[in-house]
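Visitor: query14.cif is the file, holding mmCIF, C-alpha atoms:
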```cif
data_my_file
loop_
_atom_site.label_atom_id
_atom_site.label_comp_id
_atom_site.auth_asym_id
_atom_site.auth_seq_id
_atom_site.Cartn_x
_atom_site.Cartn_y
_atom_site.Cartn_z
CA MET D 1237 -48.29 -79.30 128.67
CA HIS D 1238 -47.73 -76.74 125.99
CA MET D 1239 -45.36 -79.13 124.21
CA GLN D 1240 -47.95 -81.87 124.38
CA SER D 1241 -50.66 -79.76 122.80
CA THR D 1242 -48.20 -78.85 120.04
CA LEU D 1243 -47.64 -82.56 119.56
CA PHE D 1244 -51.37 -83.14 119.33
CA GLY D 1245 -51.64 -80.37 116.75
CA MET D 1246 -48.87 -81.92 114.67
CA LEU D 1247 -50.48 -85.34 114.96
CA ALA D 1248 -53.84 -83.99 113.88
CA ALA D 1249 -52.26 -82.27 110.87
CA LEU D 1250 -50.38 -85.45 109.98
CA ALA D 1251 -53.51 -87.56 110.33
CA LEU D 1252 -55.44 -85.16 108.12
CA ALA D 1253 -52.72 -85.11 105.46
CA LEU D 1254 -52.39 -88.89 105.58
CA ASN D 1255 -56.13 -89.26 105.24
CA GLN D 1256 -56.08 -87.09 102.14
CA VAL D 1257 -53.32 -89.20 100.59
CA VAL D 1258 -55.25 -92.39 101.30
CA ALA D 1259 -58.50 -90.87 100.03
CA ALA D 1260 -56.84 -89.77 96.81
CA HIS D 1261 -56.08 -93.39 96.01
CA GLU D 1262 -59.33 -95.00 97.01
CA VAL D 1263 -61.39 -96.40 94.21
CA SER D 1264 -64.93 -95.14 93.83
CA GLY D 1265 -66.05 -98.41 92.26
CA GLU D 1266 -67.15 -99.76 95.65
CA GLU D 1267 -70.60 -98.41 94.85
CA PHE D 1268 -70.81 -100.87 91.96
CA LYS D 1269 -68.85 -103.94 93.06
CA PRO D 1270 -68.06 -103.82 96.77
CA PHE D 1271 -66.04 -107.07 96.68
CA ALA D 1272 -64.11 -106.44 93.47
CA GLU D 1273 -60.32 -106.87 93.65
CA LYS D 1274 -59.77 -104.73 90.58
CA HIS D 1275 -61.54 -101.89 88.84
CA VAL D 1276 -60.98 -101.78 85.12
CA ILE D 1277 -62.02 -99.66 82.16
CA LEU D 1278 -61.92 -101.20 78.71
CA GLN D 1279 -61.76 -98.48 76.07
CA LEU D 1280 -63.42 -99.13 72.71
CA SER D 1281 -62.79 -96.38 70.17
CA ASP D 1282 -62.43 -98.30 66.91
CA GLN D 1283 -64.68 -100.80 65.24
CA ALA D 1284 -62.04 -103.48 64.65
CA ASN D 1285 -61.82 -104.18 68.38
CA GLU D 1286 -65.50 -104.87 69.20
CA ALA D 1287 -65.12 -108.63 69.63
CA VAL D 1288 -61.74 -108.29 71.37
CA VAL D 1289 -63.20 -105.99 74.01
CA LEU D 1290 -66.12 -108.36 74.70
CA ASP D 1291 -63.74 -111.35 74.84
CA THR D 1292 -61.49 -109.46 77.24
CA ALA D 1293 -64.38 -108.69 79.58
CA ASN D 1294 -65.40 -112.37 79.59
CA ASN D 1295 -61.85 -113.56 80.18
CA LEU D 1296 -61.38 -111.15 83.09
CA ILE D 1297 -64.58 -112.33 84.78
CA LYS D 1298 -63.35 -115.93 84.49
CA HIS D 1299 -59.82 -115.03 85.58
CA TYR D 1300 -60.86 -113.25 88.75
CA GLY D 1301 -63.32 -115.95 89.73
CA GLY D 1302 -66.69 -114.40 88.96
CA PRO D 1303 -68.53 -111.16 88.22
CA ASP D 1304 -68.43 -109.89 91.82
CA LEU D 1305 -64.64 -109.98 92.00
CA ILE D 1306 -63.86 -107.73 89.06
CA ASP D 1307 -65.46 -104.38 88.26
CA ILE D 1308 -65.51 -103.66 84.52
CA GLU D 1309 -66.69 -100.65 82.54
CA ILE D 1310 -66.62 -100.61 78.75
CA VAL D 1311 -66.44 -97.01 77.54
CA THR D 1312 -67.20 -96.43 73.86
CA PHE D 1313 -66.52 -93.27 71.87
CA GLY D 1314 -65.57 -92.40 68.28
CA LYS D 1315 -66.09 -95.40 66.03
CA GLY D 1316 -66.40 -97.58 69.15
CA VAL D 1317 -69.99 -96.43 69.76
CA ARG D 1318 -71.20 -98.72 66.95
CA LEU D 1319 -70.97 -101.63 69.38
CA MET D 1320 -73.89 -100.03 71.22
CA TYR D 1321 -76.15 -99.37 68.24
CA ALA D 1322 -79.59 -100.92 68.67
CA GLY D 1323 -79.44 -104.02 66.49
CA SER D 1324 -75.69 -104.64 66.87
CA GLU D 1325 -74.70 -108.23 66.07
CA HIS D 1326 -73.18 -108.36 69.58
CA ALA D 1327 -76.47 -107.60 71.40
CA VAL D 1328 -76.71 -111.05 73.04
CA ARG D 1329 -73.16 -110.94 74.38
CA ILE D 1330 -73.72 -107.37 75.62
CA ALA D 1331 -76.87 -108.47 77.48
CA SER D 1332 -74.99 -111.34 79.09
CA LEU D 1333 -72.17 -109.07 80.26
CA VAL D 1334 -74.68 -106.52 81.60
CA GLU D 1335 -76.26 -109.33 83.66
CA ASN D 1336 -72.78 -109.91 85.07
CA GLY D 1337 -72.56 -106.29 86.15
CA VAL D 1338 -70.44 -104.95 83.30
CA ARG D 1339 -71.40 -101.33 82.57
CA PHE D 1340 -71.40 -100.03 78.97
CA TYR D 1341 -71.01 -96.29 78.40
CA VAL D 1342 -71.67 -94.31 75.22
CA CYS D 1343 -70.20 -90.86 74.50
CA GLU D 1344 -72.92 -88.30 73.67
CA ASN D 1345 -70.38 -85.97 72.02
CA THR D 1346 -69.80 -88.73 69.47
CA LEU D 1347 -73.55 -89.12 68.91
CA ASP D 1348 -73.90 -85.32 68.51
CA THR D 1349 -71.21 -85.37 65.82
CA LEU D 1350 -72.84 -88.32 64.05
CA GLU D 1351 -76.18 -86.56 64.13
CA ARG D 1352 -74.68 -83.43 62.55
CA THR D 1353 -72.85 -85.45 59.87
CA ASP D 1354 -75.45 -88.10 59.00
CA GLY D 1355 -78.62 -86.12 59.59
CA GLU D 1356 -79.95 -88.54 62.20
CA ARG D 1357 -78.94 -89.73 65.62
CA PRO D 1358 -78.18 -93.46 65.80
CA LYS D 1359 -80.53 -95.55 67.96
CA ILE D 1360 -78.67 -96.89 70.98
CA ASN D 1361 -79.07 -100.16 72.89
CA PRO D 1362 -81.20 -99.30 75.95
CA ALA D 1363 -78.70 -101.16 78.14
CA ALA D 1364 -76.15 -98.39 77.51
CA LEU D 1365 -75.36 -95.69 80.05
CA MET D 1366 -74.87 -92.25 78.54
CA VAL D 1367 -72.06 -89.80 79.38
CA GLN D 1368 -71.54 -86.45 77.71
CA ALA D 1369 -67.82 -86.98 77.06
CA GLY D 1370 -66.41 -90.50 76.97
CA VAL D 1371 -62.80 -89.40 77.46
CA ALA D 1372 -63.70 -87.15 80.40
CA HIS D 1373 -65.50 -90.12 81.98
CA ILE D 1374 -62.36 -92.22 81.55
CA ILE D 1375 -60.21 -89.48 83.11
CA ASP D 1376 -62.50 -89.27 86.14
CA ARG D 1377 -62.43 -93.03 86.61
CA VAL D 1378 -58.65 -93.29 86.30
CA ASP D 1379 -58.37 -90.44 88.79
CA ASN D 1380 -60.40 -92.64 91.15
CA GLY D 1381 -58.12 -95.66 90.76
CA TYR D 1382 -59.55 -97.49 87.77
CA ILE D 1383 -56.99 -99.11 85.46
CA LEU D 1384 -57.46 -98.17 81.82
CA ILE D 1385 -56.85 -100.81 79.15
CA ARG D 1386 -57.38 -100.31 75.43
CA PRO D 1387 -57.35 -103.92 74.20
CA MET G 536 -48.23 -90.50 131.25
CA HIS G 537 -51.64 -91.58 130.06
CA MET G 538 -51.59 -88.81 127.47
CA GLN G 539 -48.16 -89.92 126.31
CA SER G 540 -49.19 -93.54 125.76
CA THR G 541 -52.18 -92.30 123.81
CA LEU G 542 -49.75 -90.32 121.70
CA PHE G 543 -47.64 -93.41 121.13
CA GLY G 544 -50.73 -95.33 120.10
CA MET G 545 -51.71 -92.65 117.64
CA LEU G 546 -48.16 -92.54 116.28
CA ALA G 547 -48.10 -96.30 115.85
CA ALA G 548 -51.43 -96.23 114.00
CA LEU G 549 -50.20 -93.39 111.80
CA ALA G 550 -46.94 -95.21 111.06
CA LEU G 551 -48.86 -98.35 110.13
CA ALA G 552 -51.27 -96.48 107.87
CA LEU G 553 -48.42 -94.56 106.26
CA ASN G 554 -46.54 -97.78 105.66
CA GLN G 555 -49.57 -99.24 103.91
CA VAL G 556 -49.86 -96.21 101.66
CA VAL G 557 -46.17 -96.42 100.75
CA ALA G 558 -46.40 -100.18 100.19
CA ALA G 559 -49.40 -99.75 97.91
CA HIS G 560 -47.24 -97.69 95.57
CA GLU G 561 -44.07 -99.73 95.60
CA VAL G 562 -43.23 -101.42 92.36
CA SER G 563 -42.75 -105.16 92.39
CA GLY G 564 -40.26 -104.95 89.52
CA GLU G 565 -37.34 -104.80 91.95
CA GLU G 566 -37.12 -108.58 91.64
CA PHE G 567 -36.25 -108.15 87.97
CA LYS G 568 -34.30 -104.88 87.74
CA PRO G 569 -33.27 -103.63 91.17
CA PHE G 570 -31.67 -100.45 89.78
CA ALA G 571 -34.36 -99.53 87.26
CA GLU G 572 -35.70 -95.97 87.42
CA LYS G 573 -38.87 -96.90 85.58
CA HIS G 574 -41.01 -100.00 85.16
CA VAL G 575 -42.85 -100.15 81.87
CA ILE G 576 -45.22 -102.48 80.05
CA LEU G 577 -45.42 -102.27 76.29
CA GLN G 578 -48.71 -103.75 75.07
CA LEU G 579 -48.78 -105.50 71.70
CA SER G 580 -52.26 -106.55 70.61
CA ASP G 581 -52.22 -105.93 66.88
CA GLN G 582 -49.87 -107.10 64.20
CA ALA G 583 -49.22 -103.68 62.64
CA ASN G 584 -47.26 -102.58 65.71
CA GLU G 585 -44.69 -105.38 65.97
CA ALA G 586 -41.71 -103.34 64.77
CA VAL G 587 -42.85 -100.22 66.63
CA VAL G 588 -42.94 -102.09 69.94
CA LEU G 589 -39.44 -103.52 69.42
CA ASP G 590 -38.12 -100.08 68.37
CA THR G 591 -39.69 -98.52 71.45
CA ALA G 592 -38.01 -101.04 73.75
CA ASN G 593 -34.63 -100.32 72.13
CA ASN G 594 -35.12 -96.56 72.33
CA LEU G 595 -36.07 -96.73 76.00
CA ILE G 596 -32.97 -98.76 76.86
CA LYS G 597 -30.81 -96.16 75.11
CA HIS G 598 -32.72 -93.25 76.64
CA TYR G 599 -32.38 -94.45 80.22
CA GLY G 600 -28.70 -95.27 79.82
CA GLY G 601 -28.69 -99.06 79.64
CA PRO G 602 -30.68 -102.21 80.28
CA ASP G 603 -30.28 -102.09 84.08
CA LEU G 604 -31.89 -98.67 84.38
CA ILE G 605 -35.24 -99.46 82.73
CA ASP G 606 -37.46 -102.47 83.38
CA ILE G 607 -39.49 -103.43 80.30
CA GLU G 608 -42.12 -106.11 79.76
CA ILE G 609 -43.71 -106.69 76.36
CA VAL G 610 -47.12 -108.30 76.83
CA THR G 611 -48.69 -109.83 73.72
CA PHE G 612 -52.30 -110.92 73.32
CA GLY G 613 -54.86 -111.06 70.51
CA LYS G 614 -53.15 -110.58 67.16
CA GLY G 615 -50.05 -109.39 69.01
CA VAL G 616 -49.04 -112.98 69.90
CA ARG G 617 -47.79 -113.49 66.32
CA LEU G 618 -44.62 -111.63 67.28
CA MET G 619 -43.79 -114.60 69.50
CA TYR G 620 -44.47 -117.38 66.97
CA ALA G 621 -41.47 -119.68 66.55
CA GLY G 622 -39.97 -118.52 63.26
CA SER G 623 -41.07 -114.87 63.52
CA GLU G 624 -39.01 -112.58 61.30
CA HIS G 625 -38.20 -110.61 64.47
CA ALA G 626 -36.53 -113.55 66.28
CA VAL G 627 -33.05 -111.97 66.28
CA ARG G 628 -34.25 -108.67 67.70
CA ILE G 629 -36.32 -110.51 70.32
CA ALA G 630 -33.24 -112.52 71.38
CA SER G 631 -31.18 -109.33 71.67
CA LEU G 632 -33.82 -107.64 73.83
CA VAL G 633 -34.13 -110.76 76.03
CA GLU G 634 -30.36 -110.59 76.60
CA ASN G 635 -30.94 -107.03 77.79
CA GLY G 636 -33.48 -108.24 80.32
CA VAL G 637 -36.67 -107.42 78.43
CA ARG G 638 -39.39 -109.97 79.28
CA PHE G 639 -41.85 -111.13 76.59
CA TYR G 640 -45.22 -112.53 77.71
CA VAL G 641 -47.75 -114.49 75.65
CA CYS G 642 -51.45 -114.82 76.57
CA GLU G 643 -52.55 -118.47 76.77
CA ASN G 644 -56.21 -117.50 76.41
CA THR G 645 -55.34 -116.21 72.95
CA LEU G 646 -53.51 -119.45 72.11
CA ASP G 647 -56.50 -121.48 73.37
CA THR G 648 -58.78 -119.52 71.04
CA LEU G 649 -56.40 -119.94 68.10
CA GLU G 650 -56.21 -123.69 68.76
CA ARG G 651 -60.02 -123.95 68.77
CA THR G 652 -60.33 -121.91 65.56
CA ASP G 653 -57.39 -123.18 63.52
CA GLY G 654 -57.22 -126.78 64.77
CA GLU G 655 -53.66 -126.47 66.00
CA ARG G 656 -51.83 -124.48 68.62
CA PRO G 657 -49.15 -122.16 67.23
CA LYS G 658 -45.55 -122.97 68.18
CA ILE G 659 -44.15 -120.25 70.39
CA ASN G 660 -40.63 -118.85 70.70
CA PRO G 661 -39.07 -120.61 73.74
CA ALA G 662 -37.89 -117.22 75.03
CA ALA G 663 -41.52 -116.30 75.76
CA LEU G 664 -43.01 -116.35 79.25
CA MET G 665 -46.56 -117.69 79.38
CA VAL G 666 -49.46 -116.12 81.32
CA GLN G 667 -53.04 -117.38 81.29
CA ALA G 668 -54.59 -113.98 80.65
CA GLY G 669 -52.49 -111.21 79.12
CA VAL G 670 -54.84 -108.42 80.20
CA ALA G 671 -55.01 -109.71 83.79
CA HIS G 672 -51.21 -109.76 83.84
CA ILE G 673 -51.18 -106.13 82.71
CA ILE G 674 -53.72 -105.17 85.39
CA ASP G 675 -51.60 -106.80 88.10
CA ARG G 676 -48.47 -105.02 86.91
CA VAL G 677 -50.15 -101.60 86.70
CA ASP G 678 -51.52 -102.21 90.18
CA ASN G 679 -47.89 -102.67 91.27
CA GLY G 680 -46.72 -99.41 89.74
CA TYR G 681 -45.83 -100.33 86.16
CA ILE G 682 -46.67 -97.75 83.52
CA LEU G 683 -48.66 -99.16 80.60
CA ILE G 684 -47.93 -97.90 77.09
CA ARG G 685 -49.58 -99.17 73.92
CA PRO G 686 -47.22 -97.77 71.28
CA MET Z 79 -38.50 -85.20 128.54
CA HIS Z 80 -36.55 -88.00 126.92
CA MET Z 81 -39.81 -89.61 125.84
CA GLN Z 82 -40.99 -86.34 124.37
CA SER Z 83 -37.88 -85.85 122.25
CA THR Z 84 -38.29 -89.43 121.02
CA LEU Z 85 -41.84 -88.49 120.08
CA PHE Z 86 -40.58 -85.46 118.22
CA GLY Z 87 -38.07 -87.61 116.37
CA MET Z 88 -40.79 -90.05 115.35
CA LEU Z 89 -43.05 -87.21 114.27
CA ALA Z 90 -40.29 -85.66 112.19
CA ALA Z 91 -39.59 -89.01 110.50
CA LEU Z 92 -43.31 -89.53 109.86
CA ALA Z 93 -43.70 -86.03 108.46
CA LEU Z 94 -40.74 -86.56 106.16
CA ALA Z 95 -42.03 -89.92 104.94
CA LEU Z 96 -45.53 -88.52 104.47
CA ASN Z 97 -44.12 -85.60 102.54
CA GLN Z 98 -42.32 -87.99 100.21
CA VAL Z 99 -45.52 -89.93 99.58
CA VAL Z 100 -47.44 -86.76 98.83
CA ALA Z 101 -44.61 -85.44 96.63
CA ALA Z 102 -44.53 -88.68 94.66
CA HIS Z 103 -48.13 -88.08 93.65
CA GLU Z 104 -48.01 -84.39 92.93
CA VAL Z 105 -48.44 -83.41 89.35
CA SER Z 106 -45.71 -81.34 87.80
CA GLY Z 107 -48.19 -79.68 85.44
CA GLU Z 108 -48.70 -76.78 87.84
CA GLU Z 109 -45.93 -74.99 85.95
CA PHE Z 110 -48.16 -75.01 82.87
CA LYS Z 111 -51.73 -74.75 84.15
CA PRO Z 112 -51.82 -73.83 87.84
CA PHE Z 113 -55.62 -74.07 88.04
CA ALA Z 114 -56.12 -77.24 86.02
CA GLU Z 115 -58.25 -79.95 87.64
CA LYS Z 116 -56.77 -82.66 85.44
CA HIS Z 117 -53.51 -83.25 83.62
CA VAL Z 118 -53.86 -85.35 80.51
CA ILE Z 119 -51.64 -86.72 77.76
CA LEU Z 120 -53.23 -87.60 74.45
CA GLN Z 121 -51.02 -90.05 72.56
CA LEU Z 122 -50.97 -89.91 68.77
CA SER Z 123 -48.96 -92.71 67.17
CA ASP Z 124 -50.98 -93.55 64.07
CA GLN Z 125 -52.23 -91.39 61.26
CA ALA Z 126 -55.85 -92.57 61.37
CA ASN Z 127 -56.39 -90.82 64.70
CA GLU Z 128 -55.26 -87.28 63.85
CA ALA Z 129 -58.74 -85.73 63.78
CA VAL Z 130 -59.93 -87.81 66.76
CA VAL Z 131 -57.08 -86.52 68.94
CA LEU Z 132 -57.80 -82.88 68.00
CA ASP Z 133 -61.55 -83.39 68.60
CA THR Z 134 -60.79 -84.97 71.97
CA ALA Z 135 -58.65 -82.01 73.05
CA ASN Z 136 -61.45 -79.59 72.05
CA ASN Z 137 -64.11 -81.63 73.82
CA LEU Z 138 -62.06 -81.80 77.00
CA ILE Z 139 -61.53 -78.04 77.07
CA LYS Z 140 -65.30 -77.56 76.70
CA HIS Z 141 -66.10 -80.26 79.25
CA TYR Z 142 -63.88 -78.86 81.99
CA GLY Z 143 -65.10 -75.31 81.44
CA GLY Z 144 -62.19 -73.67 79.65
CA PRO Z 145 -58.52 -73.95 78.76
CA ASP Z 146 -57.26 -73.03 82.25
CA LEU Z 147 -59.09 -75.91 83.92
CA ILE Z 148 -57.60 -78.78 81.95
CA ASP Z 149 -53.92 -79.32 81.13
CA ILE Z 150 -53.45 -81.21 77.85
CA GLU Z 151 -50.33 -82.43 76.08
CA ILE Z 152 -50.51 -84.14 72.70
CA VAL Z 153 -47.46 -86.38 72.27
CA THR Z 154 -46.78 -87.61 68.73
CA PHE Z 155 -44.40 -90.39 67.72
CA GLY Z 156 -44.24 -93.05 65.01
CA LYS Z 157 -46.75 -92.29 62.28
CA GLY Z 158 -48.38 -89.78 64.62
CA VAL Z 159 -45.68 -87.17 63.92
CA ARG Z 160 -47.28 -86.41 60.54
CA LEU Z 161 -49.85 -84.28 62.33
CA MET Z 162 -47.00 -81.89 63.09
CA TYR Z 163 -45.50 -81.67 59.59
CA ALA Z 164 -45.25 -78.10 58.35
CA GLY Z 165 -48.18 -77.79 55.96
CA SER Z 166 -50.46 -80.33 57.72
CA GLU Z 167 -54.11 -79.87 56.81
CA HIS Z 168 -54.76 -79.50 60.54
CA ALA Z 169 -52.48 -76.45 60.99
CA VAL Z 170 -55.33 -74.06 61.84
CA ARG Z 171 -56.82 -76.34 64.48
CA ILE Z 172 -53.36 -76.92 65.95
CA ALA Z 173 -52.76 -73.15 66.19
CA SER Z 174 -56.12 -72.68 67.90
CA LEU Z 175 -55.35 -75.40 70.47
CA VAL Z 176 -51.86 -73.95 71.09
CA GLU Z 177 -53.53 -70.60 71.84
CA ASN Z 178 -55.59 -72.47 74.42
CA GLY Z 179 -52.43 -73.77 76.06
CA VAL Z 180 -52.36 -77.28 74.57
CA ARG Z 181 -48.74 -78.41 74.09
CA PHE Z 182 -47.78 -80.53 71.07
CA TYR Z 183 -44.66 -82.71 71.32
CA VAL Z 184 -42.77 -84.43 68.51
CA CYS Z 185 -40.42 -87.40 69.01
CA GLU Z 186 -36.94 -86.75 67.58
CA ASN Z 187 -36.15 -90.47 67.49
CA THR Z 188 -38.97 -90.82 64.96
CA LEU Z 189 -37.60 -87.93 62.90
CA ASP Z 190 -34.10 -89.48 63.02
CA THR Z 191 -35.51 -92.74 61.66
CA LEU Z 192 -37.47 -90.93 58.94
CA GLU Z 193 -34.34 -89.02 57.94
CA ARG Z 194 -32.35 -92.26 57.63
CA THR Z 195 -35.10 -93.98 55.62
CA ASP Z 196 -36.29 -91.15 53.38
CA GLY Z 197 -33.04 -89.23 52.95
CA GLU Z 198 -34.45 -86.00 54.38
CA ARG Z 199 -35.81 -84.82 57.68
CA PRO Z 200 -39.46 -83.71 57.55
CA LYS Z 201 -40.10 -80.00 58.22
CA ILE Z 202 -42.01 -79.58 61.46
CA ASN Z 203 -44.62 -77.03 62.50
CA PRO Z 204 -42.72 -74.40 64.54
CA ALA Z 205 -45.43 -74.62 67.22
CA ALA Z 206 -44.18 -78.11 68.12
CA LEU Z 207 -42.04 -78.83 71.17
CA MET Z 208 -39.29 -81.37 70.55
CA VAL Z 209 -38.40 -84.31 72.83
CA GLN Z 210 -35.75 -86.91 72.07
CA ALA Z 211 -37.98 -89.90 72.90
CA GLY Z 212 -41.75 -89.50 72.81
CA VAL Z 213 -42.43 -92.62 74.87
CA ALA Z 214 -39.88 -91.62 77.54
CA HIS Z 215 -41.59 -88.23 77.76
CA ILE Z 216 -44.93 -89.98 78.28
CA ILE Z 217 -43.43 -92.20 81.00
CA ASP Z 218 -42.03 -89.17 82.85
CA ARG Z 219 -45.36 -87.38 82.69
CA VAL Z 220 -47.37 -90.40 83.88
CA ASP Z 221 -44.85 -90.77 86.71
CA ASN Z 222 -45.75 -87.20 87.65
CA GLY Z 223 -49.48 -87.86 87.72
CA TYR Z 224 -50.60 -87.21 84.17
CA ILE Z 225 -53.32 -89.52 82.85
CA LEU Z 226 -52.46 -91.12 79.52
CA ILE Z 227 -55.20 -91.60 76.92
CA ARG Z 228 -54.68 -93.00 73.44
CA PRO Z 229 -57.95 -91.95 71.77
#
```
Let me see the file written as structure tokens.

Guide:
Amino acid sequence: MHMQSTLFGMLAALALALNQVVAAHEVSGEEFKPFAEKHVILQLSDQANEAVVLDTANNLIKHYGGPDLIDIEIVTFGKGVRLMYAGSEHAVRIASLVENGVRFYVCENTLDTLERTDGERPKINPAALMVQAGVAHIIDRVDNGYILIRP
Amino acid sequence: MHMQSTLFGMLAALALALNQVVAAHEVSGEEFKPFAEKHVILQLSDQANEAVVLDTANNLIKHYGGPDLIDIEIVTFGKGVRLMYAGSEHAVRIASLVENGVRFYVCENTLDTLERTDGERPKINPAALMVQAGVAHIIDRVDNGYILIRP
Amino acid sequence: MHMQSTLFGMLAALALALNQVVAAHEVSGEEFKPFAEKHVILQLSDQANEAVVLDTANNLIKHYGGPDLIDIEIVTFGKGVRLMYAGSEHAVRIASLVENGVRFYVCENTLDTLERTDGERPKINPAALMVQAGVAHIIDRVDNGYILIRP
């Protein structure tokens, strides 16, 4: 009997450890897209890539068979935040992607720097979600299983 | 006896769960390079980096001790597909890397866009492997354990 | 009794396998920053991003609440190595980040190429750590759980 309770103890410890391993690799994106096969971050940190990032998001939604099957975040920081200025030439495409569940993030650290340098804070598309540090947001997402692509 | 069969059931469930965790982190690249220590994707999506990507592939092959010990894919999309145009100035280096087992992929979505814009589809190096969506190919590979580098 | 020793054998095998899975996902950075929540590599491979990479390192240290809570390596190769030239305009910021435990790496393959092309090897900031192949260093780190960001 003593041996069996030892066995149970070992099993419980194993189950706990296993559970932690599994948990460490679960993706938190279920809250956003419960049926998504993949969870992806597209990084935009330079202005030259604005159209490429939007094209990539569109292509991925087509490739995976619809907006519910792929979970996409576009995280902008540095010069990439210009995509999310109110009045950006890409506003219509952004709105269409938002309707398809794509989430756009803007780095407040970048806006703080711009405000210090230029004297005023740029006006941001109200569809944007704000995070204090764009790179820290990316790190947290990757830690939760998101795949980071910088197109 | 009842307690022991419960134990066996728990063990079987644990073994199954563990197996799934291990499987989720196995790299599919064994089909290409069964003895490779590392499986790497080099992303090429802008023209400025053509030579850097080829240099990186060469350096990695040297660093890991030969073409069998490192599995490399070069995935081109956007402006990166120009590397794989028939008649690229890099054709000789591409051929040499292909002989060493490096696989070059071209994004057909990019070619479709170029065909719409320019009126004709660019001719591609016959050594290239075609994928419909370069970024989706990258996502699948990373999901299978490949490490993505954009040099 | 026979059944119980079989059980012990299975448990031992499971524990060993589980241990390997856990080990495969442990981060080696504990040697550098035992209390760090996150282990991050910032890649610098073009000159335009010098200031952005230094800003990002500073922002991350602030975001995570101090230099002990985030483990950062800045890996330079290609045109990125210029940040680490002796006499770089960023020398003071580099010194301040080094004091906060940020590690700066320089790719010797890049320096070898520069020496062949330019006739002399650039002088490097003595705070830099040297690695033969910057990209191979990144691959090893990512394999050990570091998150790679190219700002």

Visitor: Of the candidates D:Ile1383, D:Ala1287, D:Ala1327, D:Ala1372, which one gets nearest to chain Z if we count all atoms listed in the file?

Guide: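 Closest residue, counting all atoms listed in the file: D:Ala1372.
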
Visitor: Using only C-alpha atoms, which of the listed residues (G:Lys568, G:Arg638, G:Arg651, G:His598) sits closest to chain Z?

Guide: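 With only C-alpha atoms as the atom set, the closest residue is G:His598.
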
Visitor: Would you translate the PyMOL selection byres ((chain G and resi 627-637) around 7) into the concrete set of residues it matches in this file, as a list in words?

Guide: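 Answer for the PyMOL selection byres ((chain G and resi 627-637) around 7): Pro602, Ile607, Glu608, His625, Ala626, Arg638 and Phe639 of chain G.
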
Visitor: For G:Lys614, which residue out of G:Ile659, G:Leu589, G:Leu579, G:Ile596 is the nearest one, using all atoms listed in the file?

Guide: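 Counting all atoms listed in the file, the residue closest to G:Lys614 is G:Leu579.
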
Visitor: Z:Met162, Z:Ile119, Z:Ala114, Z:Cys185: which is nearest G:Asn594, counting all atoms listed in the file?

Guide: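 Closest residue, counting all atoms listed in the file: Z:Cys185.
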
Visitor: Find the distance between atom CA of D:Gly1381 and atom CA of Z:Asp133 and write it in Å to one decimal.

Guide: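 Between these atoms lies a distance of 25.6 Å.
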
Visitor: Draw an axis-aligned box over all listed atoms of stretch 126-140 of chain Z, pad each side with 3 Å, and write its centre and edge lengths in Å, one decimal, as lines of an AutoDock Vina configuration file.

Guide:
```
center_x = -60.3
center_y = -85.1
center_z = 69.2
size_x = 16.0
size_y = 21.0
size_z = 21.7
```

Visitor: Identify which of the residues G:Glu624, G:Glu655, G:Asp675, G:Glu650 lies closest to D:Val1276, counting all atoms listed in the file when measuring atom-to-atom distances.

Guide: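 For D:Val1276, the nearest of the candidates is G:Asp675.
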
Visitor: Just the number, please: distance in Å from atom CA of Z:Glu186 to atom CA of G:Pro686, one decimal.

Guide: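 About the pair atom CA of Z:Glu186 and atom CA of G:Pro686: they are 15.5 Å apart.
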
Visitor: Need the shell around Z:Gln125: protein/DNA/RNA residues with any atom at most 12 Å away, counting only C-alpha atoms. Skip same-chain ones fewer than 6 positions apart. Format as JSON, numbers by chain?

Guide: {"Z": [131, 154, 155, 156, 157, 158, 159, 160, 161, 162, 163, 166, 229]}

Visitor: Write a file of the selected residues as a CSV table (one decimal), in the frame of the given file, keeping C-alpha atoms.

Guide:
```csv
chain,number,residue,atom,x,y,z
Z,131,VAL,CA,-57.1,-86.5,68.9
Z,154,THR,CA,-46.8,-87.6,68.7
Z,155,PHE,CA,-44.4,-90.4,67.7
Z,156,GLY,CA,-44.2,-93.0,65.0
Z,157,LYS,CA,-46.8,-92.3,62.3
Z,158,GLY,CA,-48.4,-89.8,64.6
Z,159,VAL,CA,-45.7,-87.2,63.9
Z,160,ARG,CA,-47.3,-86.4,60.5
Z,161,LEU,CA,-49.8,-84.3,62.3
Z,162,MET,CA,-47.0,-81.9,63.1
Z,163,TYR,CA,-45.5,-81.7,59.6
Z,166,SER,CA,-50.5,-80.3,57.7
Z,229,PRO,CA,-58.0,-92.0,71.8
```
